[in-house]
>>> print(open('data08.txt').read())   # compact mmCIF, C-alpha atoms
# COMPACT_ATOMS: atom_id res chain seq x y z
CA MET Q 193 11.43 29.48 62.73
CA ARG Q 194 11.49 28.70 59.03
CA PHE Q 195 14.96 30.21 58.84
CA CYS Q 196 16.01 27.97 61.74
CA ARG Q 197 14.94 24.89 59.80
CA ILE Q 198 17.00 26.03 56.81
CA VAL Q 199 20.01 26.56 59.08
CA ASP Q 200 19.43 23.14 60.61
CA ARG Q 201 19.34 21.46 57.19
CA LEU Q 202 22.46 23.35 56.12
CA TYR Q 203 24.18 22.17 59.30
CA ASP Q 204 23.36 18.54 58.53
CA ALA Q 205 24.16 18.83 54.82
CA VAL Q 206 27.61 20.42 55.08
CA PRO Q 207 29.98 18.29 57.16
CA SER Q 208 32.67 20.98 57.41
CA ARG Q 209 33.49 21.76 61.06
CA ALA Q 210 34.49 25.32 60.21
CA PHE Q 211 31.14 25.96 58.51
CA ARG Q 212 29.20 24.29 61.31
CA GLY Q 213 31.12 26.30 63.88
CA TRP Q 214 30.24 29.48 62.04
CA LEU Q 215 26.54 28.51 61.86
CA ILE Q 216 26.48 27.81 65.59
CA ARG Q 217 28.25 31.06 66.45
CA SER Q 218 26.28 33.24 64.09
CA HIS Q 219 22.80 31.80 64.60
CA MET Q 220 22.22 28.77 66.80
CA GLU Q 221 23.83 30.21 69.93
CA ARG Q 222 21.63 33.33 69.72
CA CYS Q 223 18.34 31.81 68.59
CA GLU Q 224 15.87 30.78 71.30
CA PHE Q 225 14.15 28.28 69.04
CA CYS Q 226 17.43 26.52 68.25
CA GLN Q 227 18.47 26.60 71.93
CA ALA Q 228 15.23 24.82 72.83
CA GLY Q 229 16.46 21.82 70.84
CA LEU Q 230 19.55 21.46 73.04
CA VAL Q 231 19.85 19.90 76.47
CA GLY Q 232 20.35 22.36 79.32
CA ARG Q 233 23.30 22.48 81.69
CA GLY Q 234 21.36 21.10 84.65
CA ALA Q 235 19.96 18.12 82.75
CA ALA Q 236 23.37 17.38 81.26
CA ARG Q 237 25.04 17.57 84.66
CA SER Q 238 22.64 14.95 86.02
CA LEU Q 239 24.01 12.44 83.49
CA PHE Q 240 27.57 12.69 84.75
CA VAL Q 241 29.41 11.53 87.83
CA ALA Q 242 30.50 14.45 90.02
CA PRO Q 243 33.83 14.71 91.86
CA GLU Q 244 31.94 14.61 95.16
CA ASP Q 245 30.79 11.05 94.38
CA PHE Q 246 34.26 9.79 95.15
CA GLY Q 247 35.55 9.31 98.65
CA ALA Q 248 39.03 9.58 100.11
CA ALA Q 249 42.00 9.13 97.83
CA ASP Q 250 43.93 6.86 100.23
CA ARG Q 251 44.05 3.93 97.81
CA LEU Q 252 45.32 6.13 95.01
CA TRP Q 253 47.97 7.72 97.21
CA ALA Q 254 49.08 4.28 98.40
CA LYS Q 255 49.68 3.33 94.76
CA ILE Q 256 51.49 6.42 93.53
CA GLY Q 257 52.93 7.84 96.77
CA PRO Q 258 56.14 5.76 96.87
CA SER Q 259 57.11 6.61 93.29
CA VAL Q 260 56.31 10.30 93.77
CA THR Q 261 58.21 10.74 97.03
CA ALA Q 262 61.17 8.69 95.75
CA ARG Q 263 61.65 11.16 92.93
CA GLY Q 264 62.72 13.90 95.33
CA PRO Q 265 62.41 17.66 94.86
CA GLN Q 266 61.62 18.93 91.38
CA PRO Q 267 63.64 21.89 90.13
CA SER Q 268 61.29 24.81 90.49
CA GLU Q 269 60.37 26.70 87.36
CA HIS Q 270 61.91 29.88 88.73
CA ALA Q 271 65.24 28.14 89.28
CA ALA Q 272 65.13 26.05 86.13
CA ALA Q 273 64.20 28.84 83.72
CA PRO Q 274 67.41 30.95 84.00
CA ARG Q 275 69.57 27.81 83.73
CA LEU Q 276 67.72 26.77 80.61
CA ARG Q 277 67.98 30.26 79.16
CA LEU Q 278 71.73 30.33 79.92
CA ALA Q 279 72.22 26.98 78.19
CA TRP Q 280 70.35 28.21 75.10
CA ALA Q 281 72.38 31.45 75.06
CA ALA Q 282 75.68 29.56 75.39
CA GLY Q 283 74.66 27.23 72.57
CA ALA Q 284 73.68 30.11 70.31
CA VAL Q 285 76.92 32.02 71.01
CA SER Q 286 79.14 28.97 70.35
CA LEU Q 287 77.24 28.28 67.12
CA PHE Q 288 77.76 31.90 66.03
CA VAL Q 289 81.48 31.82 66.88
CA THR Q 290 81.92 28.52 65.00
CA ALA Q 291 80.16 29.95 61.95
CA VAL Q 292 82.28 33.15 61.96
CA VAL Q 293 85.58 31.26 62.43
CA GLY Q 294 84.61 28.72 59.77
CA PHE Q 295 83.71 31.46 57.32
CA TRP Q 296 86.97 33.30 58.04
CA LEU Q 297 89.06 30.13 57.59
CA LEU Q 298 87.31 29.20 54.34
CA SER Q 299 87.60 32.67 52.89
CA GLY Q 300 91.30 32.73 53.96
CA ILE Q 301 91.98 29.53 52.03
CA ARG Q 302 90.23 30.88 48.96
CA THR Q 303 92.13 34.17 48.92
CA ALA Q 304 95.54 32.81 49.93
CA GLY Q 305 96.67 32.56 46.30
CA THR Q 306 97.65 28.90 46.34
CA GLY Q 307 95.17 27.86 43.69
CA PRO Q 308 95.43 28.43 39.99
CA GLY Q 309 92.52 30.86 39.78
CA THR Q 310 93.97 33.65 41.84
CA GLY Q 311 93.92 37.09 40.37
CA ALA Q 312 94.65 38.42 36.94
CA VAL Q 313 98.49 38.15 37.07
CA PRO Q 314 99.83 36.27 33.99
CA ALA Q 315 100.91 32.71 34.69
CA ALA Q 316 104.47 33.23 33.50
CA ASP Q 317 104.96 36.05 36.05
CA ARG Q 318 103.87 33.86 38.92
CA PHE Q 319 106.53 31.16 38.34
CA GLN Q 320 110.17 31.51 38.92
CA MET Q 321 112.37 28.49 38.06
CA ASP Q 322 116.02 29.17 38.73
CA TYR Q 323 117.29 25.73 37.98
CA VAL Q 324 115.71 22.82 36.11
CA ARG Q 325 117.64 19.73 35.05
CA VAL Q 326 116.35 16.85 32.92
CA GLY Q 327 118.42 13.66 32.67
CA GLY Q 328 121.37 15.34 34.40
CA ALA Q 329 121.52 18.19 31.89
CA ASP Q 330 120.16 21.75 32.09
CA ALA Q 331 116.61 21.96 30.76
CA ARG Q 332 114.57 24.62 28.97
CA THR Q 333 111.24 25.50 30.61
CA PHE Q 334 107.98 26.84 29.21
CA VAL Q 335 104.86 27.97 31.01
CA TYR Q 336 101.53 27.78 29.17
CA GLN Q 337 98.11 28.99 30.16
CA PRO Q 338 95.40 28.25 27.58
CA ASN Q 339 93.02 31.11 26.88
CA ASP Q 340 89.89 31.24 29.10
CA SER Q 341 91.27 28.48 31.29
CA GLU Q 342 92.47 28.24 34.87
CA MET Q 343 94.87 25.46 33.95
CA ILE Q 344 98.62 26.17 33.88
CA ILE Q 345 101.08 23.79 32.20
CA VAL Q 346 104.77 23.86 33.01
CA TRP Q 347 106.88 22.16 30.35
CA ALA Q 348 110.56 21.26 30.73
CA GLU Q 349 112.79 19.71 28.02
CA PRO Q 350 116.51 18.97 27.83
CA GLU Q 351 118.63 21.44 26.01
CA ILE Q 352 119.88 19.94 22.78
CA MET U 96 47.38 25.52 102.72
CA ASN U 97 46.22 27.08 99.46
CA GLU U 98 46.67 25.67 95.97
CA ASN U 99 49.85 27.62 95.17
CA SER U 100 51.61 26.65 98.38
CA VAL U 101 50.64 23.00 97.79
CA ILE U 102 52.17 23.15 94.30
CA GLU U 103 55.31 24.84 95.61
CA GLY U 104 55.56 22.15 98.28
CA CYS U 105 55.29 19.47 95.58
CA LEU U 106 58.06 21.16 93.60
CA ARG U 107 60.24 21.07 96.73
CA GLY U 108 59.48 17.34 97.04
CA ASP U 109 57.46 17.66 100.24
CA PRO U 110 55.54 14.33 100.60
CA GLU U 111 52.78 15.98 102.64
CA ALA U 112 52.12 18.54 99.88
CA CYS U 113 52.07 15.77 97.26
CA ARG U 114 49.57 13.82 99.32
CA ARG U 115 47.45 16.94 99.75
CA LEU U 116 47.43 17.57 96.01
CA VAL U 117 46.23 14.02 95.34
CA GLU U 118 43.55 14.28 98.04
CA ASP U 119 42.29 17.61 96.72
CA PHE U 120 42.06 16.62 93.06
CA ALA U 121 41.59 12.83 92.98
CA GLY U 122 37.79 13.13 92.83
CA LEU U 123 37.93 15.62 89.99
CA VAL U 124 40.32 13.48 87.92
CA MET U 125 38.43 10.27 88.68
CA ALA U 126 35.09 11.83 87.69
CA ALA U 127 36.58 13.23 84.48
CA ALA U 128 38.07 9.87 83.51
CA LEU U 129 34.96 7.89 84.41
CA ASN U 130 32.69 10.28 82.53
CA VAL U 131 34.71 9.79 79.36
CA LEU U 132 35.71 6.12 79.69
CA GLY U 133 32.62 4.72 81.39
CA ASN U 134 34.65 2.00 83.06
CA ARG U 135 35.89 2.19 86.60
CA GLU U 136 39.02 0.05 86.18
CA ASP U 137 40.19 2.10 83.20
CA ALA U 138 39.32 5.32 85.00
CA GLU U 139 41.45 4.28 87.98
CA ASP U 140 44.38 3.52 85.65
CA VAL U 141 43.99 6.88 83.95
CA CYS U 142 43.75 8.64 87.30
CA GLN U 143 46.99 7.03 88.44
CA GLU U 144 48.78 7.84 85.18
CA THR U 145 47.51 11.42 85.32
CA PHE U 146 48.96 12.08 88.77
CA ILE U 147 52.27 10.43 87.89
CA LYS U 148 52.49 12.68 84.84
CA VAL U 149 51.46 15.73 86.89
CA PHE U 150 54.26 15.14 89.41
CA SER U 151 56.84 14.47 86.72
CA ARG U 152 55.88 17.57 84.68
CA LEU U 153 54.97 19.94 87.49
CA GLU U 154 57.96 22.20 86.78
CA SER U 155 56.52 22.95 83.33
CA TYR U 156 53.20 24.12 84.79
CA ASP U 157 52.56 27.81 84.15
CA PRO U 158 51.27 29.39 87.39
CA GLU U 159 49.51 32.07 85.35
CA ARG U 160 47.02 29.45 84.13
CA PRO U 161 44.49 27.71 86.38
CA PHE U 162 45.91 24.48 87.80
CA ARG U 163 42.52 22.80 87.47
CA THR U 164 42.48 23.32 83.68
CA TRP U 165 46.05 22.02 83.33
CA LEU U 166 45.20 18.94 85.39
CA LEU U 167 41.95 18.29 83.51
CA THR U 168 43.76 18.64 80.17
CA ILE U 169 46.15 15.86 81.18
CA ALA U 170 43.31 13.68 82.53
CA TYR U 171 41.09 14.06 79.45
CA ARG U 172 43.95 13.51 77.01
CA ARG U 173 44.99 10.37 78.91
CA SER U 174 41.38 9.16 78.79
CA LEU U 175 41.13 9.73 75.04
CA ASP U 176 44.48 7.95 74.60
CA MET U 177 43.13 5.00 76.57
CA ILE U 178 40.04 4.81 74.31
CA ARG U 179 42.27 4.94 71.23
CA LYS U 180 44.56 2.23 72.63
CA LYS U 181 41.62 -0.04 73.45
CA ARG U 182 40.05 0.49 70.03
CA ARG U 183 43.33 -0.44 68.36
CA PHE U 184 43.61 -3.53 70.52
CA ARG U 185 40.03 -4.57 69.69
CA GLN U 186 40.74 -4.17 65.98
CA PHE U 187 43.91 -6.22 66.33
CA ALA U 188 42.09 -8.90 68.34
CA SER U 189 39.27 -9.18 65.81
CA ARG U 190 41.79 -9.45 62.96
CA ALA U 191 43.82 -12.05 64.81
CA GLY U 192 40.68 -13.97 65.75
CA PHE U 193 41.03 -13.61 69.53
CA GLU U 194 37.98 -13.59 71.74
CA LEU U 195 38.06 -10.95 74.44
CA ALA U 196 37.07 -12.21 77.86
CA GLU U 197 34.15 -10.38 79.50
CA MET U 198 35.19 -8.84 82.79
CA PRO U 199 32.68 -8.43 85.60
CA SER U 200 31.39 -4.87 85.69
CA ALA U 201 32.62 -2.46 88.31
CA ARG U 202 29.14 -2.09 89.74
CA THR U 203 28.87 -5.80 90.56
CA ALA U 204 32.43 -5.93 91.83
CA ASN U 205 32.08 -2.88 94.06
CA PRO U 206 28.46 -2.28 95.02
CA GLY U 207 27.75 1.22 96.21
CA ARG U 208 30.45 2.88 94.11
CA PRO U 209 29.82 4.69 90.83
CA GLY U 210 29.48 2.06 88.14
CA PRO U 211 30.23 1.91 84.43
CA LEU U 212 29.14 4.78 82.21
CA PRO U 213 27.21 7.21 84.40
CA SER U 214 24.33 7.19 81.95
CA ARG U 215 23.80 4.87 79.01
CA LEU U 216 22.72 7.91 76.99
CA LEU U 217 26.34 9.02 77.05
CA GLU U 218 27.28 5.91 75.08
CA MET U 219 25.61 7.52 72.08
CA LEU U 220 28.20 10.30 72.07
CA SER U 221 31.73 10.11 70.72
CA PRO U 222 34.49 10.42 73.37
CA ARG U 223 35.23 14.00 72.28
CA GLU U 224 31.56 14.98 72.40
CA ARG U 225 31.31 13.40 75.85
CA THR U 226 34.37 15.34 77.00
CA ALA U 227 33.00 18.62 75.65
CA LEU U 228 29.60 18.08 77.26
CA CYS U 229 31.12 17.04 80.59
CA LEU U 230 33.40 20.09 80.74
CA TRP U 231 30.53 22.38 79.84
CA ALA U 232 28.07 20.84 82.30
CA ASN U 233 30.34 20.07 85.26
CA GLU U 234 32.98 22.79 85.00
CA GLY U 235 31.06 25.53 83.21
CA TYR U 236 33.71 25.72 80.49
CA THR U 237 33.17 27.72 77.30
CA ALA U 238 34.02 26.49 73.79
CA GLY U 239 37.38 28.29 74.09
CA ASP U 240 38.25 26.48 77.33
CA ILE U 241 37.12 23.13 75.91
CA SER U 242 39.29 23.66 72.83
CA GLU U 243 42.35 24.05 75.08
CA VAL U 244 41.65 20.74 76.79
CA LEU U 245 40.88 18.86 73.56
CA GLY U 246 43.70 20.50 71.63
CA CYS U 247 41.47 21.69 68.78
CA SER U 248 40.07 25.01 67.53
CA ALA U 249 37.27 26.79 69.37
CA GLY U 250 35.00 26.26 66.35
CA THR U 251 35.54 22.51 66.47
CA ALA U 252 34.93 22.42 70.23
CA ARG U 253 31.70 24.36 69.62
CA VAL U 254 30.60 21.71 67.10
CA TYR U 255 31.37 18.85 69.53
CA LEU U 256 29.40 20.56 72.27
CA PHE U 257 26.48 21.43 70.03
CA ASN U 258 26.24 17.87 68.64
CA ALA U 259 26.38 16.40 72.12
CA ARG U 260 23.68 18.71 73.49
CA ARG U 261 21.43 18.06 70.50
CA LYS U 262 21.85 14.26 70.63
CA ILE U 263 21.19 14.09 74.37
CA LYS U 264 18.11 16.31 74.09
CA SER U 265 16.61 14.13 71.39
CA LEU U 266 17.48 10.92 73.29
CA LEU U 267 15.90 12.30 76.45
CA GLU U 268 12.76 13.25 74.53
CA ASN U 269 12.55 9.78 72.92
CA GLU U 270 13.00 8.12 76.29
CA HIS U 271 10.29 10.29 77.80
CA ALA U 272 7.91 9.43 74.91
CA VAL U 273 8.58 5.70 75.34
CA LEU U 274 7.88 5.94 79.08
CA GLN U 275 4.62 7.82 78.46
CA ASN U 276 3.45 5.30 75.85
CA SER U 277 4.25 2.35 78.04
>>> encode(input="data08.txt", output="C-alpha cells")
Amino acid sequence: MRFCRIVDRLYDAVPSRAFRGWLIRSHMERCEFCQAGLVGRGAARSLFVAPEDFGAADRLWAKIGPSVTARGPQPSEHAAAPRLRLAWAAGAVSLFVTAVVGFWLLSGIRTAGTGPGTGAVPAADRFQMDYVRVGGADARTFVYQPNDSEMIIVWAEPEI
Amino acid sequence: MNENSVIEGCLRGDPEACRRLVEDFAGLVMAAALNVLGNREDAEDVCQETFIKVFSRLESYDPERPFRTWLLTIAYRRSLDMIRKKRRFRQFASRAGFELAEMPSARTANPGRPGPLPSRLLEMLSPRERTALCLWANEGYTAGDISEVLGCSAGTARVYLFNARRKIKSLLENEHAVLQNS
C-alpha cells in the first residue's frame, strides 16, 4: 500500500506518457489496491449512451441514400488490387528502362571521343590538316597542348 | 444476410445492401459520436459524414480486420476532428470579438431522445480520454484496440484510459459524499 502511494506520486510527478504507461503496465494494472481507485466497467458503461438507445435509421438513410446510390458500384478490392499492382509494376519497369537507356546514352557521349579529354593519344596525332590557307595563301599550322591541360590550341599562320 | 455479404453488396453498388449497412450500424456510430461530442446535432453530422466516408472508402477496407473497428475508427476520428474544428472556430470568434449564439439544447428540441452529453461527469474528461473510456466500457476494447482507433501507441492509450477511470471514480465518490451530506 505504501509502495502504491509512491507509484501514485511518481505517476503524478512525471508527465511522460511513456513512463506513465510503463507504471500502469508494470504495477497499477496488477495491483488490487490501485484498481480499487478506478471506476469499473459497469459503472462506466452507465455513463454512456448505448447503440440500442437509438431507433431506426430512416432519417439518416434519407439524407445519405441518394448520394450513396448515385455513386454506383465500387471496384471491389479483389478486382482493384491486381490492376493497381500492374500499374505499379509498369511504372517501375518504365522507370528502370529509362534509367538504363539514359545511362547508356550518357556514357556513349562521354566515350565517343569528341571531347578534348579523350584518351592518352598526343594532340598532334589526333589532328590531320591536309590543306590550310590564310589570306589566299598556303598556311603553316601548329598544334599545341599545354602540359597537364585538356586544352588544345591549333595555330595557323601564312607562309612568308 | 451476414456482415460480409452486406459489404460485398455495397461494393457492387446494391442500394438494399447499403441501406442494410446503415440500419445495422447507425446506432453504434451515433452512440460513439454522441458519447464523445455530447451534442446531438454535431453527432448527427458526424454520423452522416462517417457513412459517406465509409461508402467512398469501402474498397480500401481490409476484410481480415473487424468491420466494427474500422467503422468506429472513422467515427471517432471524425468526432475528434469536429471538436478540433469547433475549438478553432471558438478561438477565432473570441479573437474577432464575435458572440456565439446559444442554440436550444437537443433535449428541449427533441424530448424523449438522448440529450447532450450522456453524463455531465464526462465533461471533466478530455475528448481522447472520453473516447478511450467509451471504447473500453461499451465495446470491451483493450489498450491495444483503443490505440488503433485513436492512432497512438498502446502505452498512450493506456494512460488515457487510466486517467479517465481515475477521474470518474473520484468524481463519483465526491458526488456520493455530497449527496450523503445533503
>>> residues_around(input="data08.txt", residues="range 114-130 of chain U", least_positions_apart="5", cutoff="7 Å", atoms="only C-alpha atoms", output="PDB file with C-alpha atoms, in the frame of the given file")
ATOM      1  CA  PHE Q 240      27.570  12.690  84.750  1.00  0.00           C
ATOM      2  CA  VAL Q 241      29.410  11.530  87.830  1.00  0.00           C
ATOM      3  CA  ALA Q 242      30.500  14.450  90.020  1.00  0.00           C
ATOM      4  CA  PRO Q 243      33.830  14.710  91.860  1.00  0.00           C
ATOM      5  CA  GLU Q 244      31.940  14.610  95.160  1.00  0.00           C
ATOM      6  CA  PHE Q 246      34.260   9.790  95.150  1.00  0.00           C
ATOM      7  CA  ALA Q 248      39.030   9.580 100.110  1.00  0.00           C
ATOM      8  CA  ALA Q 249      42.000   9.130  97.830  1.00  0.00           C
ATOM      9  CA  TRP Q 253      47.970   7.720  97.210  1.00  0.00           C
TER      10      TRP Q 253
ATOM     11  CA  VAL U 101      50.640  23.000  97.790  1.00  0.00           C
ATOM     12  CA  ARG U 135      35.890   2.190  86.600  1.00  0.00           C
ATOM     13  CA  ALA U 138      39.320   5.320  85.000  1.00  0.00           C
ATOM     14  CA  GLU U 139      41.450   4.280  87.980  1.00  0.00           C
ATOM     15  CA  VAL U 141      43.990   6.880  83.950  1.00  0.00           C
ATOM     16  CA  CYS U 142      43.750   8.640  87.300  1.00  0.00           C
ATOM     17  CA  LEU U 167      41.950  18.290  83.510  1.00  0.00           C
ATOM     18  CA  ALA U 170      43.310  13.680  82.530  1.00  0.00           C
ATOM     19  CA  TYR U 171      41.090  14.060  79.450  1.00  0.00           C
ATOM     20  CA  SER U 174      41.380   9.160  78.790  1.00  0.00           C
ATOM     21  CA  LEU U 212      29.140   4.780  82.210  1.00  0.00           C
ATOM     22  CA  PRO U 213      27.210   7.210  84.400  1.00  0.00           C
TER      23      PRO U 213
END
>>> interface_residues(input="data08.txt", of="chain Q", to="chain U", cutoff="8 Å", atoms="only C-alpha atoms", output="MDAnalysis selection string")
chainID Q and resid 209:210 212:214 216 229:234 236:237 239:250 252:253 255:257 260:261 263:269
>>> atom_distance(input="data08.txt", atom1="CA of Pro222 in chain U", atom2="CA of Leu175 in chain U")
6.9 Å
>>> atom_distance(input="data08.txt", atom1="CA of Glu136 in chain U", atom2="CA of Lys180 in chain U")
14.8 Å
>>> atom_distance(input="data08.txt", atom1="CA of Leu215 in chain Q", atom2="CA of Ala228 in chain Q")
16.2 Å
>>> axis_aligned_box(input="data08.txt", around="range 289-302 of chain Q", padding_each_side="4 Å", output="JSON")
{"center_x": 86.1, "center_y": 30.9, "center_z": 57.9, "size_x": 19.8, "size_y": 12.8, "size_z": 25.9}
>>> closest_residue(input="data08.txt", among="U:Ala191, U:Asn99, U:Thr168, U:Arg185", to="Ala227 in chain U", atoms="all atoms listed in the file")
U:Thr168
>>> residues_around(input="data08.txt", residues="Phe334 in chain Q", least_positions_apart="6", cutoff="7 Å", atoms="all atoms listed in the file", output="PyMOL selection string")
chain Q and resi 346-348
